[in-house]
file upload_31.cif (mmCIF, C-alpha atoms)
data_protein
loop_
_atom_site.label_atom_id
_atom_site.label_comp_id
_atom_site.auth_asym_id
_atom_site.auth_seq_id
_atom_site.Cartn_x
_atom_site.Cartn_y
_atom_site.Cartn_z
CA MET I 248 86.84 49.11 48.54
CA LEU I 249 86.12 49.08 52.25
CA ALA I 250 85.72 45.32 52.23
CA GLY I 251 89.02 44.95 50.36
CA ARG I 252 90.83 47.17 52.85
CA ALA I 253 89.40 45.28 55.81
CA LYS I 254 90.67 42.02 54.35
CA VAL I 255 94.16 43.39 53.84
CA ASN I 256 94.25 44.82 57.37
CA THR I 257 93.17 41.49 58.83
CA MET I 258 95.96 39.68 57.02
CA THR I 259 98.59 42.17 58.22
CA ASP I 260 97.30 42.54 61.78
CA PRO I 261 99.68 40.77 64.24
CA LYS I 262 96.72 39.67 66.39
CA ALA I 263 95.02 38.11 63.37
CA ARG I 264 98.23 36.31 62.42
CA ALA I 265 98.54 34.99 65.98
CA VAL I 266 95.01 33.57 65.83
CA ILE I 267 95.80 31.85 62.53
CA ALA I 268 99.02 30.45 64.00
CA LEU I 269 97.19 29.11 67.04
CA ASP I 270 94.71 27.30 64.79
CA SER I 271 97.45 25.53 62.81
CA GLN I 272 97.85 21.78 63.22
CA VAL I 273 100.50 20.11 65.41
CA LEU I 274 101.46 16.44 65.30
CA VAL I 275 101.11 14.69 68.66
CA LEU I 276 103.43 11.78 69.58
CA ASN I 277 103.08 9.54 72.60
CA ARG I 278 106.05 9.15 74.92
CA LEU I 279 107.31 6.27 72.75
CA TRP I 280 107.43 8.73 69.83
CA GLN I 281 104.53 7.10 68.00
CA PRO I 282 101.98 9.38 66.29
CA VAL I 283 98.61 9.37 68.01
CA ASN I 284 96.77 12.47 66.85
CA THR I 285 96.90 16.05 65.66
CA CYS I 286 95.75 19.07 67.64
CA THR I 287 95.72 22.81 67.28
CA ALA I 288 98.80 24.80 68.20
CA ARG I 289 96.66 26.43 70.89
CA ARG I 290 96.14 23.06 72.57
CA ALA I 291 99.78 22.05 72.05
CA VAL I 292 101.11 25.21 73.72
CA THR I 293 98.77 24.65 76.66
CA LEU I 294 100.06 21.08 77.12
CA VAL I 295 103.66 22.28 77.00
CA PHE I 296 103.17 24.99 79.64
CA LEU I 297 101.33 22.51 81.86
CA GLY I 298 104.32 20.16 81.62
CA HIS I 299 102.30 17.42 79.91
CA ALA I 300 104.30 17.60 76.68
CA HIS I 301 107.61 18.72 75.21
CA ILE I 302 108.13 20.39 71.88
CA VAL I 303 110.01 18.41 69.24
CA HIS I 304 112.33 20.46 67.07
CA ARG I 305 113.90 19.35 63.79
CA ASP I 306 116.94 21.30 62.67
CA GLU I 307 118.19 21.79 59.12
CA GLU I 308 120.18 18.55 59.31
CA LYS I 309 117.05 16.62 60.34
CA ASN I 310 118.24 16.09 63.90
CA TYR I 311 115.53 16.07 66.55
CA SER I 312 115.64 17.58 70.04
CA THR I 313 113.01 18.15 72.74
CA HIS I 314 112.29 21.35 74.63
CA ASP I 315 110.19 22.49 77.53
CA ALA I 316 108.58 25.94 77.41
CA TYR I 317 111.65 27.78 78.70
CA SER I 318 114.24 26.17 76.43
CA TRP I 319 111.84 26.70 73.52
CA LEU I 320 111.73 30.42 74.29
CA SER I 321 115.53 30.48 74.06
CA LEU I 322 115.33 28.77 70.67
CA ALA I 323 112.87 31.41 69.50
CA GLN I 324 115.36 34.11 70.43
CA ASP I 325 117.99 32.35 68.32
CA HIS I 326 115.59 32.36 65.37
CA HIS I 327 115.07 36.09 65.88
CA ARG I 328 118.82 36.78 65.90
CA GLN I 329 119.18 34.74 62.72
CA LYS I 330 116.32 36.75 61.19
CA ALA I 331 114.34 33.56 60.63
CA GLN I 332 110.61 34.11 60.32
CA PRO I 333 108.73 31.07 61.65
CA PRO I 334 105.16 31.65 62.89
CA CYS I 335 105.44 33.19 66.35
CA LEU I 336 103.31 34.26 69.27
CA ARG I 337 104.69 37.57 70.52
CA SER I 338 104.51 39.49 73.75
CA ALA I 339 106.30 42.68 74.75
CA ARG I 340 109.42 40.72 75.75
CA HIS I 341 109.24 37.29 74.17
CA ALA I 342 108.52 35.46 70.94
CA PHE I 343 107.23 31.90 71.15
CA VAL I 344 107.67 29.89 67.95
CA VAL I 345 104.54 27.87 67.14
CA PRO I 346 105.50 24.18 67.42
CA GLU I 347 104.97 21.63 64.66
CA ILE I 348 105.38 18.47 66.79
CA ILE I 349 104.92 17.72 70.47
CA VAL I 350 105.69 14.54 72.42
CA LEU I 351 103.56 13.65 75.44
CA THR I 352 105.52 13.02 78.63
CA LEU I 353 103.35 10.24 80.12
CA TYR I 354 100.87 8.88 77.56
CA ASP I 355 102.19 5.72 75.87
CA ARG I 356 99.08 4.24 74.24
CA LEU I 357 97.98 4.17 70.62
CA PRO I 358 94.47 5.22 69.57
CA LYS I 359 91.97 2.59 68.58
CA THR I 360 92.13 1.74 64.89
CA GLU I 361 88.55 0.60 64.50
CA VAL I 362 86.66 2.65 61.94
CA LYS I 363 82.94 3.32 62.30
CA PHE I 364 80.81 1.52 59.73
CA THR I 365 79.07 4.19 57.67
CA ARG I 366 78.00 4.62 54.06
CA HIS I 367 80.62 7.34 53.64
CA ASN I 368 83.42 5.17 55.02
CA VAL I 369 82.50 2.21 52.81
CA PHE I 370 82.82 4.47 49.77
CA ILE I 371 86.22 5.65 51.00
CA ARG I 372 87.44 2.12 51.68
CA ASP I 373 86.46 1.15 48.12
CA ARG I 374 87.94 4.38 46.72
CA HIS I 375 84.58 5.47 45.30
CA THR I 376 84.89 2.58 42.84
CA CYS I 377 82.05 0.26 41.94
CA GLN I 378 83.20 -3.18 43.03
CA TYR I 379 81.47 -4.81 40.05
CA CYS I 380 82.25 -2.66 37.00
CA ASP I 381 85.47 -1.17 38.46
CA ARG I 382 84.55 2.42 37.54
CA VAL I 383 85.00 5.47 39.77
CA PHE I 384 81.85 7.42 40.61
CA ASP I 385 80.76 10.48 42.51
CA PRO I 386 79.34 9.44 45.92
CA ARG I 387 75.90 10.60 44.75
CA ASP I 388 76.01 7.88 42.07
CA LEU I 389 76.98 5.05 44.41
CA ASN I 390 74.91 2.67 46.50
CA LEU I 391 75.74 0.07 49.11
CA ASP I 392 75.36 -3.51 47.95
CA HIS I 393 75.07 -6.55 50.20
CA VAL I 394 77.24 -9.23 48.59
CA ILE I 395 75.03 -11.84 50.24
CA PRO I 396 71.56 -10.24 50.11
CA ARG I 397 69.85 -9.56 53.41
CA ASP I 398 66.85 -11.73 52.48
CA LYS I 399 69.29 -14.61 52.07
CA GLY I 400 70.95 -14.13 55.45
CA GLY I 401 73.52 -11.47 54.55
CA ARG I 402 74.52 -9.05 57.30
CA THR I 403 75.25 -5.32 57.13
CA THR I 404 78.95 -5.54 57.98
CA TRP I 405 82.26 -4.45 56.52
CA GLU I 406 82.76 -8.01 55.19
CA ASN I 407 79.44 -8.15 53.33
CA VAL I 408 78.88 -4.61 52.01
CA VAL I 409 80.60 -2.97 49.02
CA ALA I 410 80.24 0.19 46.96
CA SER I 411 78.19 -0.34 43.82
CA CYS I 412 77.04 1.98 41.08
CA ILE I 413 73.30 2.30 40.52
CA ARG I 414 73.36 0.26 37.32
CA CYS I 415 75.26 -2.67 38.82
CA ASN I 416 73.22 -2.50 41.99
CA SER I 417 70.01 -2.84 39.98
CA ARG I 418 71.46 -5.60 37.84
CA LYS I 419 72.55 -7.69 40.81
CA ALA I 420 69.34 -7.00 42.75
CA ASN I 421 68.88 -9.63 45.46
CA LYS I 422 70.81 -12.38 43.72
CA LEU I 423 73.74 -14.28 45.18
CA PRO I 424 77.09 -13.54 43.50
CA HIS I 425 77.15 -16.82 41.60
CA GLU I 426 73.53 -16.32 40.48
CA ALA I 427 74.24 -12.86 39.08
CA ARG I 428 77.80 -13.80 38.03
CA MET I 429 78.94 -10.65 39.77
CA PHE I 430 81.73 -10.79 42.31
CA PRO I 431 83.44 -7.89 44.14
CA ARG I 432 86.77 -6.91 42.61
CA THR I 433 88.28 -6.71 46.12
CA GLU I 434 87.37 -8.89 49.07
CA PRO I 435 85.50 -6.60 51.48
CA ARG I 436 87.19 -6.23 54.85
CA ALA I 437 87.08 -3.88 57.82
CA PRO I 438 89.64 -1.08 57.26
CA ARG I 439 92.37 -0.27 59.73
CA TRP I 440 93.11 3.45 59.59
CA ARG I 441 94.67 5.76 62.14
CA PRO I 442 92.06 8.35 63.15
CA PHE I 443 94.38 11.34 62.82
CA HIS I 444 95.11 10.46 59.18
CA SER I 445 91.64 11.73 58.43
CA SER I 446 92.98 15.28 58.40
CA MET I 447 95.75 14.56 55.90
CA ARG I 448 93.44 15.13 52.96
CA HIS I 449 92.74 18.72 53.93
CA GLN I 450 96.15 19.88 55.00
CA GLU I 451 99.60 19.41 53.66
CA ALA I 452 101.66 17.41 56.13
CA ARG I 453 104.68 19.34 57.33
CA PRO I 454 108.14 18.07 56.33
CA SER I 455 108.98 17.64 60.01
CA TRP I 456 106.13 15.09 60.31
CA LEU I 457 107.29 12.76 57.58
CA ASP I 458 109.65 10.69 59.74
CA PHE I 459 106.70 9.76 61.94
CA ILE I 460 103.73 9.25 59.62
CA GLU I 461 102.74 7.87 56.26
CA VAL I 462 100.91 10.62 54.42
CA SER I 463 97.59 9.68 52.89
CA ASP I 464 97.30 9.79 49.10
CA GLY I 465 94.28 12.04 49.53
CA THR I 466 91.60 9.37 49.50
CA VAL I 467 91.23 8.80 53.25
CA GLU I 468 88.82 10.96 55.17
CA ILE I 469 87.27 8.97 57.96
CA SER I 470 83.99 9.88 59.62
CA ALA I 471 83.83 10.00 63.38
#
call {"tool": "encode", "arguments": {"input": "upload_31.cif", "output": "C-alpha cells"}}
result
Amino acid sequence: MLAGRAKVNTMTDPKARAVIALDSQVLVLNRLWQPVNTCTARRAVTLVFLGHAHIVHRDEEKNYSTHDAYSWLSLAQDHHRQKAQPPCLRSARHAFVVPEIIVLTLYDRLPKTEVKFTRHNVFIRDRHTCQYCDRVFDPRDLNLDHVIPRDKGGRTTWENVVASCIRCNSRKANKLPHEARMFPRTEPRAPRWRPFHSSMRHQEARPSWLDFIEVSDGTVEISA
C-alpha cells in the first residue's frame, strides 16, 4: 500500500511532472529548417534562453511561427487563458510551455550520415532477415557472412558482409557465391541514415514534427 501511494503521489506531484516534461524529446532544426537532431526539453530551453535557438510553434491550422523566450512566455499565458493544458514549467508568476521543436539561430550544417559498421547495424540494415533464405530471425539466431570469404580476399565491409542465419551460414561455409549457389537477396551497401532517426523506434514522433522528418517504420535503431 505504501509503495502504491508513493507512486500515485509522484505522478501527481508538480515537481515530478516538471522533471518528466524536461526529459521529453524536442526536434532540433538548423537555421535552414532542416532536422539535425533531437534533444531533451531541458537542453532546448537552455538554448532558447541563451539566444542560440528559437522555439517553433505550430498552431491548429498547421501554420508555423518562431518565438524567443519572452514571446513564448506570452503564448503560454494565452494557453492558460484558453484553459489549454500543454506540458508546462511553472514558477510563482509564469508558465513556460515545453517546446516540441526548436530552430538554431546560427548552425546551418547537417550531421554526418555515415553509420558505424557493427554487427548490430548490419542486422538492422538487412531487417533481421537472412540474405540467403529470406527468413526473419531473432538477432541471437543470426550471424555475419562474408559474401566473398576472407580466405579468398573478402573484406569486412558493408559491401561484403550480410546477415545470415546459422543454417545458411554453415551451408555456405567459405565458398564463393557461385560455388555454393547462394547469392544475397539484396546487394549489400553502406546505409545512409540520419543519426537522430535512431530514437524514432522508442518514441512516437509528435504531429508537429511530421512536416520535417520521415518517421521510421520501427526497424531503424542505429548504434553510436
call {"tool": "resolve_selection", "arguments": {"input": "upload_31.cif", "expression": "the PyMOL selection byres ((chain I and resi 388) around 12)", "output": "compact mmCIF listing (two decimals) with C-alpha atoms, in the frame of the given file"}}
result
# COMPACT_ATOMS: atom_id res chain seq x y z
CA PHE I 370 82.82 4.47 49.77
CA HIS I 375 84.58 5.47 45.30
CA THR I 376 84.89 2.58 42.84
CA CYS I 377 82.05 0.26 41.94
CA ARG I 382 84.55 2.42 37.54
CA VAL I 383 85.00 5.47 39.77
CA PHE I 384 81.85 7.42 40.61
CA ASP I 385 80.76 10.48 42.51
CA PRO I 386 79.34 9.44 45.92
CA ARG I 387 75.90 10.60 44.75
CA LEU I 389 76.98 5.05 44.41
CA ASN I 390 74.91 2.67 46.50
CA LEU I 391 75.74 0.07 49.11
CA ALA I 410 80.24 0.19 46.96
CA SER I 411 78.19 -0.34 43.82
CA CYS I 412 77.04 1.98 41.08
CA ILE I 413 73.30 2.30 40.52
CA ARG I 414 73.36 0.26 37.32
CA CYS I 415 75.26 -2.67 38.82
CA ASN I 416 73.22 -2.50 41.99
call {"tool": "residues_near_point", "arguments": {"input": "upload_31.cif", "point": "(110.2, 25.4, 79.9)", "cutoff": "10 Å", "atoms": "all atoms listed in the file", "output": "ChimeraX atom specification"}}
result
/I:295-298,301-302,314-321
call {"tool": "resolve_selection", "arguments": {"input": "upload_31.cif", "expression": "the PyMOL selection byres ((chain I and resi 372) around 9)", "output": "PyMOL selection string"}}
result
chain I and resi 367-371+373-375+409-410+435-438+466-467
call {"tool": "resolve_selection", "arguments": {"input": "upload_31.cif", "expression": "the PyMOL selection byres ((chain I and resi 281) around 9)", "output": "list in words"}}
result
Val275, Leu276, Asn277, Arg278, Leu279, Trp280, Pro282, Val283, Val350, Asp355, Arg356, Leu357, Phe459 and Ile460 of chain I
call {"tool": "atom_distance", "arguments": {"input": "upload_31.cif", "atom1": "atom CA of I:Lys422", "atom2": "atom CA of I:Thr403"}}
result
15.8 Å
call {"tool": "closest_residue", "arguments": {"input": "upload_31.cif", "among": "I:His304, I:Arg289, I:Arg366, I:His299", "to": "I:Thr404", "atoms": "only C-alpha atoms"}}
result
I:Arg366
call {"tool": "closest_residue", "arguments": {"input": "upload_31.cif", "among": "I:Lys399, I:Pro454, I:Tyr379, I:Thr293", "to": "I:Arg428", "atoms": "all atoms listed in the file"}}
result
I:Tyr379
call {"tool": "atom_distance", "arguments": {"input": "upload_31.cif", "atom1": "atom CA of I:Val394", "atom2": "atom CA of I:Val408"}}
result
6.0 Å
call {"tool": "atom_distance", "arguments": {"input": "upload_31.cif", "atom1": "atom CA of I:Asn421", "atom2": "atom CA of I:Thr365"}}
result
21.1 Å
call {"tool": "residues_around", "arguments": {"input": "upload_31.cif", "residues": "I:Asp270", "least_positions_apart": "3", "cutoff": "7 Å", "atoms": "all atoms listed in the file", "output": "PyMOL selection string"}}
result
chain I and resi 266-267+287-289
call {"tool": "build_atoms", "arguments": {"input": "upload_31.cif", "residues": "stretch 307-321 of chain I", "atoms": "N, CA and C atoms", "output": "JSON list (two decimals), in the coordinates of the input"}}
result
[["chain", "number", "residue", "atom", "x", "y", "z"],
["I", 307, "GLU", "N", 117.98, 21.87, 60.56],
["I", 307, "GLU", "CA", 118.19, 21.79, 59.12],
["I", 307, "GLU", "C", 118.85, 20.49, 58.70],
["I", 308, "GLU", "N", 119.53, 19.82, 59.62],
["I", 308, "GLU", "CA", 120.18, 18.55, 59.31],
["I", 308, "GLU", "C", 119.31, 17.36, 59.71],
["I", 309, "LYS", "N", 118.04, 17.63, 59.99],
["I", 309, "LYS", "CA", 117.05, 16.62, 60.34],
["I", 309, "LYS", "C", 117.38, 15.91, 61.65],
["I", 310, "ASN", "N", 118.03, 16.61, 62.56],
["I", 310, "ASN", "CA", 118.24, 16.09, 63.90],
["I", 310, "ASN", "C", 117.12, 16.58, 64.80],
["I", 311, "TYR", "N", 116.65, 15.72, 65.70],
["I", 311, "TYR", "CA", 115.53, 16.07, 66.55],
["I", 311, "TYR", "C", 115.98, 16.30, 67.98],
["I", 312, "SER", "N", 115.38, 17.30, 68.63],
["I", 312, "SER", "CA", 115.64, 17.58, 70.04],
["I", 312, "SER", "C", 114.32, 17.96, 70.69],
["I", 313, "THR", "N", 114.24, 17.81, 72.02],
["I", 313, "THR", "CA", 113.01, 18.15, 72.74],
["I", 313, "THR", "C", 113.25, 19.35, 73.64],
["I", 314, "HIS", "N", 112.18, 20.11, 73.86],
["I", 314, "HIS", "CA", 112.29, 21.35, 74.63],
["I", 314, "HIS", "C", 111.07, 21.53, 75.51],
["I", 315, "ASP", "N", 111.31, 22.01, 76.73],
["I", 315, "ASP", "CA", 110.19, 22.49, 77.53],
["I", 315, "ASP", "C", 109.93, 23.94, 77.14],
["I", 316, "ALA", "N", 108.98, 24.58, 77.80],
["I", 316, "ALA", "CA", 108.58, 25.94, 77.41],
["I", 316, "ALA", "C", 109.75, 26.92, 77.48],
["I", 317, "TYR", "N", 110.59, 26.80, 78.51],
["I", 317, "TYR", "CA", 111.65, 27.78, 78.70],
["I", 317, "TYR", "C", 112.79, 27.62, 77.70],
["I", 318, "SER", "N", 113.18, 26.35, 77.43],
["I", 318, "SER", "CA", 114.24, 26.17, 76.43],
["I", 318, "SER", "C", 113.74, 26.50, 75.03],
["I", 319, "TRP", "N", 112.42, 26.34, 74.82],
["I", 319, "TRP", "CA", 111.84, 26.70, 73.52],
["I", 319, "TRP", "C", 111.84, 28.22, 73.32],
["I", 320, "LEU", "N", 111.63, 28.97, 74.39],
["I", 320, "LEU", "CA", 111.73, 30.42, 74.29],
["I", 320, "LEU", "C", 113.14, 30.85, 73.89],
["I", 321, "SER", "N", 114.15, 30.17, 74.42],
["I", 321, "SER", "CA", 115.53, 30.48, 74.06],
["I", 321, "SER", "C", 115.77, 30.20, 72.59]]
